[in-house]
Amino acid sequence: MAPHVKTITPTTKKTLLKQVLIVTLILSFTVLIAGGLWIFKTMAPQPGTIQTTNGQVVSTIKEIKGGQAVWQKYGLMDYGSVLGQGSYLGPDYTAEALHILTQSMQNYYAKNDFGKSSFNELTEEQKITVRERVIEEIKENRYNEETDALVITDAQFYGLQEIRKYYADIFTNGNGNGILPGLINEGDIPETDRAWVAEGDQLKQISDFFFWTAWLSAAKRPNDTITYTNNWPYDLDAGNTMPYSAIWWSAASTALLILLTAVILYFHYRYHFGMQEAYEPDKFPKINLQKLPLTPSQVKSGKYFTIVALLFLIQAGLGGLLAHYYIDPDSFYGLDWIVNLLPFNIAKTYHLQLAIFWIATAWLGMGVYVAPIIGGKEPKKQGLLVNILFWALIVLVGGSVIGEWLGAKGYLGNLWFLLGHQGWEYLELGRLWQVVLAVGMLIWLFIVFRGMRSGLRAETDKGGLIHLLFYASIAVPAFYVFAFFYNPGSNFTYSDYWRWWIIHLWVEGIFEVFAVVVIGFLMVHLGLVTRKSTLRALYFQLTILMGSGVIGIGHHYYYNGSAEIWIGLGAVFSALEVIPLTLLILEAYDQYKMMKAGGVDFPYRSTFWFLISTAIWNLVGAGVLGFLINLPAVNYYEHGSYLTPAHGHGSMMGVYGMFAIAVLLFCLRNIVKPETWNDKLLKISCWGLNIGLAGMIIVTLLPVGMIQMQTAFESGFWAARAADFYNIPIVNKLLWIRVIPDTIFILFGVVPLAYFAVKSLFHLRKPNRKEGENL
């Protein structure tokens, strides 16, 4: 009698995958939250008072927090950065303030100990003596937890005074590098009862905030050998050098990546976790667009995609303006009114904000279109809700854009945080507009739920494809709630922890999960892949995507004041994020084969062009370039430099932008009259966007970033972020050459797409299904 062999059915396999995904999510978020609690316990204190050795109070916690609010109020995170977090035209204020502090302390001792007017007049032996004394003094942590007072030496107080003089001049008279004269004005806010800003001189407050960030970057943690920022920024005069943990975890994460890539590829091929074709080679599904069911709400989604294309056009134009500002920050070919109207910080705000708006709007529009397909019919009044959501989005975009300009210009007084510029990169919109956005997403979720409700009832498996799509939809508004967890009075490190929950987990994580599930659903809907194989593939992909991505957020926490443990966690898990992105290339090849099998009559060729582009940029932009800068040893010198936007453009535009265009074209293909469709124009757009994006990365962002990192390695990070860096001849030439790929991107990529989307709005099909009628 043959021995009994236990068989593993597809259902058993799917159940196991579901359980693995749930366990992975629980463990990942447990580590992330526990690590966050550790961050809060170990982050640098904001002292109640800063005192000299003789007890003179020179600053208070109100002034330090007020300085942070001033920095946010004028949108300066979209000009320069603090602790490496922010934009790149201006300096990193932490590195710059630390450099001013150390230089001032060196000059103080040169005069007091050797009678010289400056450090440069000392002999080499005297310089060594002074350097060692300054390093020893700046490294000593004199914060007293019991008295809540930070005691600074006379030399440090002298440095603080020099920092105040320097920034008072910069923000009053301008700096010729993007800061216009009179930027910070006392008349912009009431003298008393100020919102988040302390009473008194705003220039003093912002200087004291920069001094505090310099102090925490140089002072050792209690009972430790490294600083609160794990010895970042690199500055030999301050004694800041790369910690050993950065070297070790760079090597360990690379080794683990190689090992686990082999392991995951084994499981992928051994258990066939790819999507299997649902058609035979000579029997490709025939799709008649003329007879495709179409509901009123689906037709109404067309205006969403027109807005998407127009916002993309404006956002790309602003990107070209920002590229010019790196060459000539205070002028635009003699048109000074443009600089006054849209200085760098406001242009950068719009460039980032509009990117999120148009990408998110494309995905929201897709949800509106897909919902009736899932449910099998259109609920009553669905079109009305779709219109309400549309106008809510118009109010959100228009209101936030106007508010950000008024806030950064200082016209909103105490309402700056509520209505104006909140001051955090990627989350610039004022708190009221955040509420509008959250409400809009809830309306969208309600629309999607009403549309797919019948499908949810019909699907008995609570872990089935439709349920999985609904769970991903719930996560979109649910994860945005963390944007309300901090305000201008919160400790910078605390705020930055939650800020990256929005940028990394919401924008890069939850939307990517939503995208992966939607692609799977649409493939099944089109009859291209089997439902069972797609569901297994999705569970497998989501497990490794979330298993690496949730804790992989830690690569943003290396040097922002978080505990050293995040160097290890962030390095390992952010390296592993490359694996699911690599698997998407395999999926893209399958999509390419499907497109070829469909022949010239396959109606979704343009959608597949952009899906394939998404997969390629997922590997190159998010994977390769992300891995490059996320190695702690590289990030130590690169953090907050031009290599970051190389990764940012490759992932934000290359992945999320290309995917948004793919879903836009899929939806439009079904609601636009087939005879007016123009694949030739869209092919030009696809090539223009890809060539332009690759060009700006290869020609400018990567080489400038490499030169900048070398400058940081040789001279200190402050030097790499100084205005003089962009005047280096080779850097200046590379910045000028970027005009070529930028022009290709805009003229041959964005403009044809925008023209096509606007024209499509006037050639929409008429609905052939009424409310409540089965599709």
# chains A, B, ... in the order shown; residues from 1 in each chain; ligands from 1
$ residues_around --residues "range 184-196 of chain A" --least-positions-apart "3" --cutoff "7 Å" --atoms "only C-alpha atoms" --output "ChimeraX atom specification"
/A:66,69,171-172,199,202,410-411,413-414,488-489
$ residues_around --residues "range 103-118 of chain A" --least-positions-apart "5" --cutoff "7 Å" --atoms "only C-alpha atoms" --output "MDAnalysis selection string"
chainID A and resid 130:131 134 155:156 158:159 162
$ select_by_dssp --residues "range 48-119 of chain A" --states "strand (DSSP E or B)" --output "PyMOL selection string"
chain A and resi 49-52+57-60+81-82+85-86+92
$ atom_distance --atom1 "CA of Ala392 in chain A" --atom2 "CA of Leu437 in chain A"
8.3 Å
$ select_by_dssp --residues "range 571-614 of chain A" --states "alpha helix (DSSP H)" --output "number ranges by chain"
A: 571-576, 578-598, 605-614
$ residues_around --residues "Val600 in chain A" --least-positions-apart "5" --cutoff "12 Å" --atoms "only C-alpha atoms" --output "MDAnalysis selection string"
chainID A and resid 284 286 594:595 605:606 679
$ residues_around --residues "range 720-733 of chain A" --least-positions-apart "3" --cutoff "9 Å" --atoms "only C-alpha atoms" --output "MDAnalysis selection string"
chainID A and resid 80 88:92 95:96 177 326:327 640:641 700 703:704 707:713 715:717 736:738
$ residues_around --residues "Leu76 in chain A" --least-positions-apart "2" --cutoff "12 Å" --atoms "only C-alpha atoms" --output "PyMOL selection string"
chain A and resi 67-74+78-82+85-93+171+178-179+183-184+206+343-349+407-409+421-425+428
$ atom_distance --atom1 "CA of Asp328 in chain A" --atom2 "CA of Gly174 in chain A"
14.5 Å
$ closest_residue --among "A:Ile61, A:Ile314, A:Val401, A:Ile39" --to "Thr229 in chain A" --atoms "only C-alpha atoms"
A:Ile39
$ atom_distance --atom1 "CA of Leu665 in chain A" --atom2 "CA of Trp444 in chain A"
20.1 Å
$ residues_around --residues "Glu140 in chain A" --least-positions-apart "2" --cutoff "8 Å" --atoms "only C-alpha atoms" --output "JSON list (two decimals) with C-alpha atoms, in the first residue's frame"
[["chain", "number", "residue", "atom", "x", "y", "z"],
["A", 136, "GLU", "CA", 36.88, 68.52, 23.81],
["A", 137, "GLU", "CA", 34.73, 71.44, 24.88],
["A", 138, "ILE", "CA", 32.10, 71.05, 22.18],
["A", 142, "ARG", "CA", 26.60, 70.02, 29.89],
["A", 219, "ALA", "CA", 27.52, 66.93, 22.00],
["A", 220, "LYS", "CA", 27.87, 63.30, 23.09]]
$ closest_residue --among "A:Phe666, A:Tyr271, A:Tyr244, A:Trp212" --to "Gly365 in chain A" --atoms "only C-alpha atoms"
A:Phe666
$ closest_residue --among "A:Gly749, A:Pro285, A:Gly520, A:Pro293" --to "Ala597 in chain A" --atoms "only C-alpha atoms"
A:Pro285
$ closest_residue --among "A:Ile287, A:Leu122, A:Asp330, A:Arg431" --to "Phe602 in chain A" --atoms "only C-alpha atoms"
A:Ile287
$ residues_around --residues "Leu619 in chain A" --least-positions-apart "3" --cutoff "8 Å" --atoms "only C-alpha atoms" --output "list of chain:residue names"
A:Val578, A:Leu581, A:Thr582, A:Leu584, A:Ile585, A:Ala615, A:Ile616, A:Ala622, A:Gly623, A:Val624
$ closest_residue --among "A:Asn774, A:Asn618, A:Thr102, A:Asn230" --to "Ile135 in chain A" --atoms "only C-alpha atoms"
A:Thr102
$ closest_residue --among "A:Val739, A:Leu734, A:Val31, A:Leu542" --to "Met706 in chain A" --atoms "only C-alpha atoms"
A:Leu734
